[in-house]
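Participant: Before we start, here is the structure in question, set down as structure tokens.
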Amino acid sequence: MSFDWSAVIAALPQLLQGAELTVFIAAIGLILGISVGMLLGMLRAFGPMPVNALVQVYVAFIRGTPLIVQIMFIYFALPILMHIRIQGVTAGIIAIAINSSAYVAEIVRGSLLSISKGLTEAGLAMGLPFWKVLVFITGPLAFRRLIPPLGNQCITSLKDTSLLLVIGVSELTFTGQEIIADNFRAVEIWSAVAVIYFVMLSAVGLFWQYVERRMPIL
Amino acid sequence: MSIVEFSNVQKSFGPHKIFNGINLEIMPREVVVVIGPSGSGKSTLLRCINALESIEGGDIRVDGYSVKGGRNDIRNIRLEAGMVFQQFNLFPQMTALENVMFGPMRVRKATRREARELALALLEKVGLSERANHYPAELSGGQQQRVAIARALAIRPKLMLFDEPTSALDPELRQEVLKVMQTLAEEGMTMVIVTHEIEFARKAGTRLLFMEGGKIAHDGTPGELLANPPSERLRDFLQHVV
Ligand SMILES: Nc1ncnc2c1ncn2[C@@H]1O[C@H](COP(=O)(O)OP(=O)(O)O)[C@@H](O)[C@H]1O
Ligand SMILES: [Mg+2]
């Protein structure tokens, strides 16, 4: 068989639109997920016992169920339980946010606890309250250790958005599948989809590599 | 008037009772050297003074503030007591200068300029003017510990606490740190120093405490205690550290 470039070129505008939605969902989902995850991670590291335990259950539950089931639940089950309507894109953002928040919480907890206790004590011994030690000393140090796994999470979550095809969100993978349903050009379209993902993920990877170089682990 | 006063201090770690009624009074300008075997409670004694460890019974007062007096008292105590750790604990993301400026700016509300001037003066005092813009990782252990001393002095403490400040250093680097401490002592700084440097105790100390099993077993002048150890235990201990 021959590789039909014209099929790729014809599909490109639609595919790029799909890619745009993929980036949009991943970006908003990750911003929410990382923010919530940081808070949860701090609660895991320093929070009082009951709060800590609650977060632990949340993390275990999210990590202990497949993302695709979480997506289905948010899109199909949640509206029934809460008597609301939910858009596919919204459901997708929520799913990515919740899912990434659990992983980020564990990452944040780990990096906060990996900072030597002596540094906290040095800050406290100067008369700083604990929260200021966290904001000015240990937090920034922990953040540096956070960068590599956080970059990883961004890459994972961006790829995870492809699962949203099960609820008909027209992100990149879903768009590719729809085009193939029309033109039967599986080789061309899946190749194009793969390349577009690869370019996006490489860009994300390079961005985090740059951040890591600017803020090396100390 | 004493600057530090332990009265009947009780301290446990979990089920282990460490202090059962410690009493101790330290006067301004005293240079108190604390020695004793490992695990005898020297670090804990020091860390109770600035409330890095909490106590269950009795009271510790530092310049009138109580370690049990709540947040404000504890803050005041920590502003009056500078601490130097065995592991230096410099902030690795900051240069030597920034480490020393940090306290004045964040806890003393000094302006950047004031903090910088003070920090440069203190780095000069510990002999590290040339290293002001180096990061801790670029400094030797002895240099790091001198920066740590400058950092503690920068909050203008009335009292300095040292927990084995030279134990993590190679022998050839210890003198530069001990010299800085000796100068401080000569200037009249009140100091409590946990150390195994017996020579330093003899030269710079005005008072020597020998701790054993969570008790202050001997309390006297370095001259007397070192020349005529009053107990077999102290004599043994001195033979092993020297
Ligand atoms: N954080 C802690 N948790 C439990 N036990 C501790 C802790 N810190 C010290 N201890 C115990 O308290 C005793 C005194 O310790 P420490 O004050 O560090 O002794 P020293 O400084 O004289 O070596 C030791 O038995 C030690 O094991
Ligand atoms: Mg100790």
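Identifiers for the structure tokens are assigned positionally: chains receive A, B, ... in sequence, residues are indexed from 1 per chain, and ligands are indexed from 1 in the order shown.
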Can you check which residues of chain A have any atom within 12 Å of chain B? Use only C-alpha atoms and format it as a ChimeraX atom specification.
Facilitator: /A:115-130,132-133,135-144,215-218
Participant: Using only C-alpha atoms and all ligand atoms, find each residue with an atom at most 10 Å away from ligand 1 and format the answer as an mmCIF file with all heavy atoms, in the first residue's frame.
Facilitator:
data_model
loop_
_atom_site.group_PDB
_atom_site.id
_atom_site.type_symbol
_atom_site.label_atom_id
_atom_site.label_comp_id
_atom_site.auth_asym_id
_atom_site.auth_seq_id
_atom_site.Cartn_x
_atom_site.Cartn_y
_atom_site.Cartn_z
ATOM 1 N N LYS B 11 11.376 15.893 81.513
ATOM 2 C CA LYS B 11 11.320 15.708 80.056
ATOM 3 C C LYS B 11 11.359 14.224 79.721
ATOM 4 O O LYS B 11 12.212 13.494 80.232
ATOM 5 C CB LYS B 11 12.517 16.430 79.408
ATOM 6 C CG LYS B 11 12.764 16.081 77.950
ATOM 7 C CD LYS B 11 11.754 16.744 77.054
ATOM 8 C CE LYS B 11 11.846 16.252 75.624
ATOM 9 N NZ LYS B 11 10.672 16.649 74.823
ATOM 10 N N SER B 12 10.440 13.790 78.878
ATOM 11 C CA SER B 12 10.445 12.397 78.420
ATOM 12 C C SER B 12 10.374 12.355 76.909
ATOM 13 O O SER B 12 9.839 13.254 76.273
ATOM 14 C CB SER B 12 9.229 11.642 78.963
ATOM 15 O OG SER B 12 9.066 11.859 80.329
ATOM 16 N N PHE B 13 10.925 11.287 76.333
ATOM 17 C CA PHE B 13 10.643 10.945 74.932
ATOM 18 C C PHE B 13 9.806 9.688 74.985
ATOM 19 O O PHE B 13 10.317 8.622 75.294
ATOM 20 C CB PHE B 13 11.934 10.700 74.157
ATOM 21 C CG PHE B 13 12.679 11.958 73.803
ATOM 22 C CD1 PHE B 13 13.931 12.224 74.335
ATOM 23 C CD2 PHE B 13 12.108 12.878 72.923
ATOM 24 C CE1 PHE B 13 14.619 13.387 73.998
ATOM 25 C CE2 PHE B 13 12.794 14.035 72.588
ATOM 26 C CZ PHE B 13 14.042 14.296 73.133
ATOM 27 N N GLY B 14 8.528 9.800 74.701
ATOM 28 C CA GLY B 14 7.644 8.644 74.824
ATOM 29 C C GLY B 14 7.702 8.127 76.241
ATOM 30 O O GLY B 14 7.539 8.897 77.193
ATOM 31 N N PRO B 15 7.956 6.837 76.400
ATOM 32 C CA PRO B 15 7.975 6.275 77.755
ATOM 33 C C PRO B 15 9.297 6.536 78.498
ATOM 34 O O PRO B 15 9.401 6.239 79.677
ATOM 35 C CB PRO B 15 7.786 4.772 77.506
ATOM 36 C CG PRO B 15 8.345 4.554 76.131
ATOM 37 C CD PRO B 15 8.132 5.826 75.364
ATOM 38 N N HIS B 16 10.296 7.084 77.768
ATOM 39 C CA HIS B 16 11.609 7.239 78.392
ATOM 40 C C HIS B 16 11.766 8.585 79.063
ATOM 41 O O HIS B 16 11.762 9.622 78.418
ATOM 42 C CB HIS B 16 12.715 7.062 77.352
ATOM 43 C CG HIS B 16 12.689 5.728 76.695
ATOM 44 N ND1 HIS B 16 13.048 4.571 77.352
ATOM 45 C CD2 HIS B 16 12.293 5.351 75.457
ATOM 46 C CE1 HIS B 16 12.894 3.544 76.542
ATOM 47 N NE2 HIS B 16 12.430 3.992 75.386
ATOM 48 N N LYS B 17 11.924 8.530 80.362
ATOM 49 C CA LYS B 17 12.146 9.755 81.127
ATOM 50 C C LYS B 17 13.602 10.159 80.921
ATOM 51 O O LYS B 17 14.520 9.386 81.191
ATOM 52 C CB LYS B 17 11.872 9.469 82.610
ATOM 53 C CG LYS B 17 11.858 10.702 83.457
ATOM 54 C CD LYS B 17 10.449 11.009 83.917
ATOM 55 C CE LYS B 17 10.395 12.419 84.494
ATOM 56 N NZ LYS B 17 9.035 12.894 84.656
ATOM 57 N N ILE B 18 13.817 11.382 80.420
ATOM 58 C CA ILE B 18 15.188 11.828 80.183
ATOM 59 C C ILE B 18 15.653 12.722 81.336
ATOM 60 O O ILE B 18 16.734 12.524 81.897
ATOM 61 C CB ILE B 18 15.292 12.615 78.856
ATOM 62 C CG1 ILE B 18 14.729 11.797 77.685
ATOM 63 C CG2 ILE B 18 16.742 13.018 78.588
ATOM 64 C CD1 ILE B 18 15.469 10.538 77.353
ATOM 65 N N PHE B 19 14.820 13.701 81.697
ATOM 66 C CA PHE B 19 15.152 14.588 82.823
ATOM 67 C C PHE B 19 14.126 14.397 83.926
ATOM 68 O O PHE B 19 12.927 14.453 83.686
ATOM 69 C CB PHE B 19 15.105 16.069 82.404
ATOM 70 C CG PHE B 19 16.129 16.440 81.361
ATOM 71 C CD1 PHE B 19 15.853 17.446 80.449
ATOM 72 C CD2 PHE B 19 17.361 15.810 81.309
ATOM 73 C CE1 PHE B 19 16.779 17.800 79.487
ATOM 74 C CE2 PHE B 19 18.299 16.161 80.343
ATOM 75 C CZ PHE B 19 18.002 17.156 79.433
ATOM 76 N N VAL B 34 29.246 22.168 78.344
ATOM 77 C CA VAL B 34 28.552 20.959 78.781
ATOM 78 C C VAL B 34 29.236 19.756 78.163
ATOM 79 O O VAL B 34 29.365 19.667 76.935
ATOM 80 C CB VAL B 34 27.066 20.989 78.361
ATOM 81 C CG1 VAL B 34 26.332 19.768 78.916
ATOM 82 C CG2 VAL B 34 26.398 22.280 78.816
ATOM 83 N N ILE B 35 29.696 18.843 79.015
ATOM 84 C CA ILE B 35 30.317 17.623 78.511
ATOM 85 C C ILE B 35 29.570 16.425 79.102
ATOM 86 O O ILE B 35 28.734 16.581 80.001
ATOM 87 C CB ILE B 35 31.823 17.534 78.865
ATOM 88 C CG1 ILE B 35 32.017 17.585 80.393
ATOM 89 C CG2 ILE B 35 32.604 18.663 78.207
ATOM 90 C CD1 ILE B 35 33.456 17.322 80.835
ATOM 91 N N GLY B 36 29.886 15.261 78.592
ATOM 92 C CA GLY B 36 29.239 14.063 79.107
ATOM 93 C C GLY B 36 29.124 13.027 78.016
ATOM 94 O O GLY B 36 29.230 13.355 76.837
ATOM 95 N N PRO B 37 28.927 11.767 78.413
ATOM 96 C CA PRO B 37 28.858 10.699 77.409
ATOM 97 C C PRO B 37 27.674 10.870 76.470
ATOM 98 O O PRO B 37 26.718 11.572 76.776
ATOM 99 C CB PRO B 37 28.709 9.424 78.252
ATOM 100 C CG PRO B 37 28.368 9.864 79.621
ATOM 101 C CD PRO B 37 28.820 11.270 79.777
ATOM 102 N N SER B 38 27.759 10.208 75.333
ATOM 103 C CA SER B 38 26.686 10.239 74.341
ATOM 104 C C SER B 38 25.398 9.692 74.948
ATOM 105 O O SER B 38 25.413 8.711 75.672
ATOM 106 C CB SER B 38 27.120 9.400 73.138
ATOM 107 O OG SER B 38 26.035 9.194 72.291
ATOM 108 N N GLY B 39 24.297 10.372 74.696
ATOM 109 C CA GLY B 39 23.007 9.933 75.230
ATOM 110 C C GLY B 39 22.717 10.417 76.631
ATOM 111 O O GLY B 39 21.692 10.075 77.215
ATOM 112 N N SER B 40 23.602 11.259 77.186
ATOM 113 C CA SER B 40 23.389 11.704 78.556
ATOM 114 C C SER B 40 22.420 12.879 78.648
ATOM 115 O O SER B 40 22.057 13.302 79.739
ATOM 116 C CB SER B 40 24.732 12.083 79.207
ATOM 117 O OG SER B 40 25.354 13.109 78.459
ATOM 118 N N GLY B 41 22.000 13.420 77.496
ATOM 119 C CA GLY B 41 20.989 14.474 77.520
ATOM 120 C C GLY B 41 21.522 15.872 77.263
ATOM 121 O O GLY B 41 20.809 16.853 77.476
ATOM 122 N N LYS B 42 22.747 15.979 76.748
ATOM 123 C CA LYS B 42 23.335 17.305 76.514
ATOM 124 C C LYS B 42 22.556 18.088 75.458
ATOM 125 O O LYS B 42 22.194 19.246 75.679
ATOM 126 C CB LYS B 42 24.805 17.166 76.068
ATOM 127 C CG LYS B 42 25.669 16.336 76.994
ATOM 128 C CD LYS B 42 27.100 16.235 76.511
ATOM 129 C CE LYS B 42 27.267 15.524 75.172
ATOM 130 N NZ LYS B 42 26.908 14.084 75.196
ATOM 131 N N SER B 43 22.307 17.437 74.321
ATOM 132 C CA SER B 43 21.569 18.128 73.255
ATOM 133 C C SER B 43 20.171 18.486 73.724
ATOM 134 O O SER B 43 19.674 19.592 73.451
ATOM 135 C CB SER B 43 21.469 17.251 72.008
ATOM 136 O OG SER B 43 22.742 16.997 71.489
ATOM 137 N N THR B 44 19.542 17.565 74.404
ATOM 138 C CA THR B 44 18.174 17.812 74.874
ATOM 139 C C THR B 44 18.145 19.013 75.821
ATOM 140 O O THR B 44 17.265 19.878 75.722
ATOM 141 C CB THR B 44 17.622 16.545 75.558
ATOM 142 O OG1 THR B 44 17.767 15.441 74.664
ATOM 143 C CG2 THR B 44 16.157 16.716 75.916
ATOM 144 N N LEU B 45 19.127 19.074 76.712
ATOM 145 C CA LEU B 45 19.214 20.213 77.639
ATOM 146 C C LEU B 45 19.260 21.527 76.859
ATOM 147 O O LEU B 45 18.530 22.483 77.143
ATOM 148 C CB LEU B 45 20.474 20.068 78.491
ATOM 149 C CG LEU B 45 20.674 21.125 79.588
ATOM 150 C CD1 LEU B 45 19.940 20.698 80.851
ATOM 151 C CD2 LEU B 45 22.152 21.332 79.898
ATOM 152 N N LEU B 46 20.122 21.540 75.839
ATOM 153 C CA LEU B 46 20.298 22.750 75.029
ATOM 154 C C LEU B 46 19.015 23.092 74.274
ATOM 155 O O LEU B 46 18.580 24.245 74.231
ATOM 156 C CB LEU B 46 21.436 22.490 74.039
ATOM 157 C CG LEU B 46 22.247 23.661 73.533
ATOM 158 C CD1 LEU B 46 22.948 24.342 74.688
ATOM 159 C CD2 LEU B 46 23.281 23.167 72.521
ATOM 160 N N ARG B 47 18.417 22.074 73.680
ATOM 161 C CA ARG B 47 17.237 22.285 72.838
ATOM 162 C C ARG B 47 15.993 22.641 73.642
ATOM 163 O O ARG B 47 15.050 23.220 73.098
ATOM 164 C CB ARG B 47 16.987 21.050 71.979
ATOM 165 C CG ARG B 47 18.090 20.814 70.941
ATOM 166 C CD ARG B 47 18.112 19.376 70.454
ATOM 167 N NE ARG B 47 16.825 19.001 69.892
ATOM 168 C CZ ARG B 47 16.453 19.270 68.639
ATOM 169 N NH1 ARG B 47 17.288 19.872 67.827
ATOM 170 N NH2 ARG B 47 15.278 18.925 68.194
ATOM 171 N N CYS B 48 16.002 22.302 74.922
ATOM 172 C CA CYS B 48 14.883 22.721 75.785
ATOM 173 C C CYS B 48 14.943 24.229 76.030
ATOM 174 O O CYS B 48 13.916 24.881 76.209
ATOM 175 C CB CYS B 48 14.919 21.981 77.121
ATOM 176 S SG CYS B 48 14.339 20.282 77.018
ATOM 177 N N GLU B 53 12.661 21.491 71.968
ATOM 178 C CA GLU B 53 12.024 20.364 72.644
ATOM 179 C C GLU B 53 11.091 20.932 73.690
ATOM 180 O O GLU B 53 11.431 21.908 74.371
ATOM 181 C CB GLU B 53 13.063 19.460 73.333
ATOM 182 C CG GLU B 53 14.075 18.820 72.405
ATOM 183 C CD GLU B 53 13.491 17.739 71.506
ATOM 184 O OE1 GLU B 53 12.297 17.397 71.665
ATOM 185 O OE2 GLU B 53 14.231 17.262 70.625
ATOM 186 N N ASP B 163 25.570 23.271 69.781
ATOM 187 C CA ASP B 163 25.481 21.823 69.987
ATOM 188 C C ASP B 163 26.568 21.118 69.185
ATOM 189 O O ASP B 163 26.428 20.902 67.990
ATOM 190 C CB ASP B 163 24.093 21.303 69.583
ATOM 191 C CG ASP B 163 23.865 19.877 70.072
ATOM 192 O OD1 ASP B 163 24.788 19.301 70.685
ATOM 193 O OD2 ASP B 163 22.762 19.344 69.843
ATOM 194 N N GLU B 164 27.635 20.762 69.850
ATOM 195 C CA GLU B 164 28.783 20.101 69.213
ATOM 196 C C GLU B 164 29.171 20.773 67.895
ATOM 197 O O GLU B 164 29.184 20.125 66.838
ATOM 198 C CB GLU B 164 28.464 18.620 68.978
ATOM 199 C CG GLU B 164 28.102 17.900 70.268
ATOM 200 C CD GLU B 164 28.365 16.397 70.200
ATOM 201 O OE1 GLU B 164 29.257 16.014 69.416
ATOM 202 O OE2 GLU B 164 27.717 15.645 70.920
ATOM 203 N N VAL B 194 27.807 22.656 74.078
ATOM 204 C CA VAL B 194 28.020 21.223 74.213
ATOM 205 C C VAL B 194 29.195 20.869 73.321
ATOM 206 O O VAL B 194 29.192 21.180 72.129
ATOM 207 C CB VAL B 194 26.773 20.428 73.762
ATOM 208 C CG1 VAL B 194 27.067 18.927 73.784
ATOM 209 C CG2 VAL B 194 25.581 20.763 74.640
ATOM 210 N N THR B 195 30.221 20.267 73.890
ATOM 211 C CA THR B 195 31.410 19.969 73.086
ATOM 212 C C THR B 195 32.249 18.885 73.744
ATOM 213 O O THR B 195 32.066 18.558 74.916
ATOM 214 C CB THR B 195 32.273 21.234 72.895
ATOM 215 O OG1 THR B 195 33.348 20.936 72.002
ATOM 216 C CG2 THR B 195 32.849 21.727 74.213
ATOM 217 N N MET B 211 27.394 15.989 82.398
ATOM 218 C CA MET B 211 26.088 15.323 82.431
ATOM 219 C C MET B 211 26.246 13.827 82.326
ATOM 220 O O MET B 211 27.134 13.318 81.644
ATOM 221 C CB MET B 211 25.193 15.810 81.279
ATOM 222 C CG MET B 211 24.709 17.221 81.492
ATOM 223 S SD MET B 211 23.346 17.645 80.401
ATOM 224 C CE MET B 211 22.012 16.688 81.119
ATOM 225 N N GLU B 212 25.326 13.144 83.015
ATOM 226 C CA GLU B 212 25.350 11.691 82.981
ATOM 227 C C GLU B 212 23.942 11.183 83.255
ATOM 228 O O GLU B 212 23.330 11.590 84.245
ATOM 229 C CB GLU B 212 26.307 11.189 84.072
ATOM 230 C CG GLU B 212 26.992 9.950 83.669
ATOM 231 C CD GLU B 212 27.736 9.312 84.824
ATOM 232 O OE1 GLU B 212 27.765 9.885 85.928
ATOM 233 O OE2 GLU B 212 28.257 8.225 84.612
ATOM 234 N N GLY B 213 23.431 10.356 82.356
ATOM 235 C CA GLY B 213 22.102 9.773 82.552
ATOM 236 C C GLY B 213 21.016 10.801 82.821
ATOM 237 O O GLY B 213 20.151 10.587 83.669
ATOM 238 N N GLY B 214 21.048 11.918 82.115
ATOM 239 C CA GLY B 214 19.992 12.918 82.272
ATOM 240 C C GLY B 214 20.127 13.774 83.519
ATOM 241 O O GLY B 214 19.214 14.526 83.857
#
Participant: I need the residues of stretch 38-207 of chain A that end up classed as alpha helix (DSSP H) by DSSP on the backbone, written out as an MDAnalysis selection string.
Facilitator: chainID A and resid 38:46 49:63 67:72 78:82 88:113 117:125 130:133 139:160 172:183 186:207
Participant: What does the distance between atom CA of B:Thr221 and atom CA of B:Gly21 come to in Å, to one decimal place?
Facilitator: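 One can read the atom CA of B:Thr221 to atom CA of B:Gly21 distance as 22.4 Å.
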Participant: What are the DSSP strand (DSSP E or B) residues of stretch 65-218 of chain B, as a list in words?
Facilitator: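 Output for stretch 65-218 of chain B, strand (DSSP E or B) only: Tyr65, Ser66, Ala81, Gly82, Met83, Val84, Leu159, Met160, Leu161, Phe162, Asp163, Thr190, Met191, Val192, Ile193, Val194, Arg207, Leu208, Leu209, Phe210, Met211, Glu212, Lys215, Ile216, Ala217 and His218 of chain B.
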Participant: Put those residues in a file: N, CA, C and O atoms, as a CSV table (one decimal), in the first residue's frame.
Facilitator:
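That gives us out-v3.csv:
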chain,number,residue,atom,x,y,z
B,65,TYR,N,11.2,35.2,79.9
B,65,TYR,CA,10.2,34.5,79.2
B,65,TYR,C,10.2,33.0,79.5
B,65,TYR,O,11.2,32.4,79.7
B,66,SER,N,9.0,32.4,79.5
B,66,SER,CA,8.9,31.0,79.8
B,66,SER,C,8.7,30.2,78.6
B,66,SER,O,7.9,30.5,77.7
B,81,ALA,N,18.0,33.8,71.8
B,81,ALA,CA,19.0,32.7,71.9
B,81,ALA,C,19.3,32.2,70.5
B,81,ALA,O,18.5,31.7,69.8
B,82,GLY,N,20.5,32.5,70.1
B,82,GLY,CA,21.0,32.0,68.8
B,82,GLY,C,21.4,30.6,68.9
B,82,GLY,O,22.0,30.2,69.9
B,83,MET,N,21.2,29.8,67.8
B,83,MET,CA,21.6,28.4,67.9
B,83,MET,C,22.5,28.0,66.8
B,83,MET,O,22.3,28.4,65.6
B,84,VAL,N,23.6,27.2,67.1
B,84,VAL,CA,24.5,26.7,66.2
B,84,VAL,C,24.5,25.2,66.3
B,84,VAL,O,24.6,24.6,67.4
B,159,LEU,N,22.2,35.4,74.0
B,159,LEU,CA,22.7,34.1,74.4
B,159,LEU,C,22.9,33.3,73.2
B,159,LEU,O,22.2,33.3,72.3
B,160,MET,N,24.0,32.5,73.2
B,160,MET,CA,24.3,31.6,72.1
B,160,MET,C,24.4,30.2,72.6
B,160,MET,O,25.0,29.9,73.6
B,161,LEU,N,23.7,29.3,71.8
B,161,LEU,CA,23.7,27.9,72.1
B,161,LEU,C,24.4,27.1,71.1
B,161,LEU,O,24.2,27.3,69.9
B,162,PHE,N,25.4,26.3,71.4
B,162,PHE,CA,26.2,25.5,70.5
B,162,PHE,C,26.0,24.0,70.8
B,162,PHE,O,26.3,23.6,71.9
B,163,ASP,N,25.6,23.3,69.8
B,163,ASP,CA,25.5,21.8,70.0
B,163,ASP,C,26.6,21.1,69.2
B,163,ASP,O,26.4,20.9,68.0
B,190,THR,N,27.1,35.5,76.4
B,190,THR,CA,26.7,34.4,77.2
B,190,THR,C,26.5,33.2,76.3
B,190,THR,O,25.9,33.3,75.3
B,191,MET,N,27.2,32.1,76.7
B,191,MET,CA,27.2,30.9,75.8
B,191,MET,C,27.0,29.6,76.6
B,191,MET,O,27.5,29.5,77.7
B,192,VAL,N,26.2,28.7,75.9
B,192,VAL,CA,26.1,27.4,76.4
B,192,VAL,C,26.6,26.5,75.3
B,192,VAL,O,26.1,26.5,74.2
B,193,ILE,N,27.6,25.7,75.6
B,193,ILE,CA,28.3,25.0,74.5
B,193,ILE,C,28.4,23.5,74.9
B,193,ILE,O,29.1,23.1,75.8
B,194,VAL,N,27.8,22.7,74.1
B,194,VAL,CA,28.0,21.2,74.2
B,194,VAL,C,29.2,20.9,73.3
B,194,VAL,O,29.2,21.2,72.1
B,207,ARG,N,32.6,27.9,83.2
B,207,ARG,CA,31.8,26.9,84.0
B,207,ARG,C,31.7,25.6,83.2
B,207,ARG,O,31.6,25.7,82.0
B,208,LEU,N,31.8,24.5,83.9
B,208,LEU,CA,31.8,23.2,83.3
B,208,LEU,C,30.7,22.4,83.9
B,208,LEU,O,30.6,22.3,85.1
B,209,LEU,N,29.8,21.8,83.0
B,209,LEU,CA,28.8,20.9,83.5
B,209,LEU,C,29.1,19.5,83.0
B,209,LEU,O,29.4,19.4,81.8
B,210,PHE,N,29.1,18.5,83.8
B,210,PHE,CA,29.3,17.1,83.4
B,210,PHE,C,27.9,16.4,83.5
B,210,PHE,O,27.4,16.3,84.6
B,211,MET,N,27.4,16.0,82.4
B,211,MET,CA,26.1,15.3,82.4
B,211,MET,C,26.2,13.8,82.3
B,211,MET,O,27.1,13.3,81.6
B,212,GLU,N,25.3,13.1,83.0
B,212,GLU,CA,25.4,11.7,83.0
B,212,GLU,C,23.9,11.2,83.3
B,212,GLU,O,23.3,11.6,84.2
B,215,LYS,N,21.3,13.7,84.2
B,215,LYS,CA,21.5,14.5,85.4
B,215,LYS,C,22.7,15.3,85.2
B,215,LYS,O,23.7,14.9,84.5
B,216,ILE,N,22.8,16.5,85.9
B,216,ILE,CA,24.0,17.3,85.9
B,216,ILE,C,24.8,16.7,87.1
B,216,ILE,O,24.5,17.0,88.2
B,217,ALA,N,25.8,15.9,86.7
B,217,ALA,CA,26.5,15.2,87.8
B,217,ALA,C,27.5,16.1,88.5
B,217,ALA,O,27.7,16.0,89.7
B,218,HIS,N,28.2,17.0,87.7
B,218,HIS,CA,29.1,17.9,88.3
B,218,HIS,C,28.9,19.3,87.7
B,218,HIS,O,28.5,19.4,86.5
Participant: Taking 2 positions as the minimum chain separation for residues in the same chain, which residues sit within 12 Å of B:Glu25 when counting only C-alpha atoms? Answer as an MDAnalysis selection string.
Facilitator: chainID B and resid 1:8 22:23 27:28 30 32 49 59:63 192 207 209 216 219
Participant: Skip stretch 2-18 of chain A itself and residues of its chain fewer than 3 positions away, then list as a PDB file with all heavy atoms, in the first residue's frame all residues within 6 Å of it, counting only C-alpha atoms.
Facilitator:
ATOM      1  N   LEU A  21      -7.762  21.080  21.932  1.00  0.00           N
ATOM      2  CA  LEU A  21      -8.644  20.718  23.049  1.00  0.00           C
ATOM      3  C   LEU A  21      -7.902  19.820  24.049  1.00  0.00           C
ATOM      4  O   LEU A  21      -8.051  19.947  25.265  1.00  0.00           O
ATOM      5  CB  LEU A  21      -9.896  20.019  22.524  1.00  0.00           C
ATOM      6  CG  LEU A  21     -10.984  19.769  23.584  1.00  0.00           C
ATOM      7  CD1 LEU A  21     -11.441  21.086  24.201  1.00  0.00           C
ATOM      8  CD2 LEU A  21     -12.169  19.029  22.978  1.00  0.00           C
ATOM      9  N   SER A 170     -14.081  15.621  21.898  1.00  0.00           N
ATOM     10  CA  SER A 170     -13.348  15.617  20.635  1.00  0.00           C
ATOM     11  C   SER A 170     -11.924  16.127  20.793  1.00  0.00           C
ATOM     12  O   SER A 170     -11.512  17.099  20.181  1.00  0.00           O
ATOM     13  CB  SER A 170     -14.101  16.408  19.570  1.00  0.00           C
ATOM     14  OG  SER A 170     -14.515  17.637  20.097  1.00  0.00           O
ATOM     15  N   GLU A 171     -11.199  15.426  21.672  1.00  0.00           N
ATOM     16  CA  GLU A 171      -9.762  15.703  21.776  1.00  0.00           C
ATOM     17  C   GLU A 171      -9.060  14.974  20.630  1.00  0.00           C
ATOM     18  O   GLU A 171      -9.728  14.406  19.764  1.00  0.00           O
ATOM     19  CB  GLU A 171      -9.227  15.314  23.164  1.00  0.00           C
ATOM     20  CG  GLU A 171      -9.720  14.022  23.755  1.00  0.00           C
ATOM     21  CD  GLU A 171      -9.204  12.839  23.024  1.00  0.00           C
ATOM     22  OE1 GLU A 171      -7.977  12.788  22.856  1.00  0.00           O
ATOM     23  OE2 GLU A 171      -9.994  11.989  22.585  1.00  0.00           O
ATOM     24  N   LEU A 172      -7.757  14.954  20.649  1.00  0.00           N
ATOM     25  CA  LEU A 172      -6.999  14.475  19.497  1.00  0.00           C
ATOM     26  C   LEU A 172      -7.311  13.019  19.105  1.00  0.00           C
ATOM     27  O   LEU A 172      -7.547  12.717  17.937  1.00  0.00           O
ATOM     28  CB  LEU A 172      -5.502  14.660  19.775  1.00  0.00           C
ATOM     29  CG  LEU A 172      -4.533  14.216  18.677  1.00  0.00           C
ATOM     30  CD1 LEU A 172      -4.878  14.861  17.357  1.00  0.00           C
ATOM     31  CD2 LEU A 172      -3.098  14.554  19.072  1.00  0.00           C
ATOM     32  N   THR A 175     -10.820  12.641  17.732  1.00  0.00           N
ATOM     33  CA  THR A 175     -10.876  13.271  16.414  1.00  0.00           C
ATOM     34  C   THR A 175     -10.284  12.350  15.356  1.00  0.00           C
ATOM     35  O   THR A 175     -10.859  12.160  14.280  1.00  0.00           O
ATOM     36  CB  THR A 175     -10.108  14.606  16.434  1.00  0.00           C
ATOM     37  OG1 THR A 175     -10.634  15.420  17.484  1.00  0.00           O
ATOM     38  CG2 THR A 175     -10.248  15.344  15.113  1.00  0.00           C
TER      39      THR A 175
END
Participant: Using only C-alpha atoms, which protein or nucleic acid residues come within 10 Å of A:Asp160? Drop anything in the same chain fewer than 2 positions from it, and give the result as a list in words.
Facilitator: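 With the cut-off at 10 Å, the set is Thr22, Ala26, Leu67, Ile68, Gly92, Ala95, Ile96, Asn99, Ser100, Cys154, Ile155, Thr156, Ser157, Leu158, Ser162, Leu163 and Leu164 of chain A.
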Participant: Can you list, as a ChimeraX atom specification, every protein, DNA or RNA residue that comes within 12 Å of B:His240 when you count only C-alpha atoms, leaving out same-chain residues fewer than 4 positions away?
Facilitator: /B:36-37,196-198,233-236
Participant: What is the atom CA of A:Val23-atom CA of A:Ile84 distance in Å, reported with one decimal?
Facilitator: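 Separating atom CA of A:Val23 from atom CA of A:Ile84 is a distance of 26.0 Å.
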Participant: I'd like to know which of B:Ala132, B:Leu120, B:Val147, B:Ala168 is closest to ligand 2, using only C-alpha atoms and all ligand atoms.
Facilitator: B:Ala168
Participant: Excluding same-chain residues fewer than 5 positions from B:Gly142, what lies within 8 Å of it counting only C-alpha atoms, as a count of residues only?
Facilitator: 5
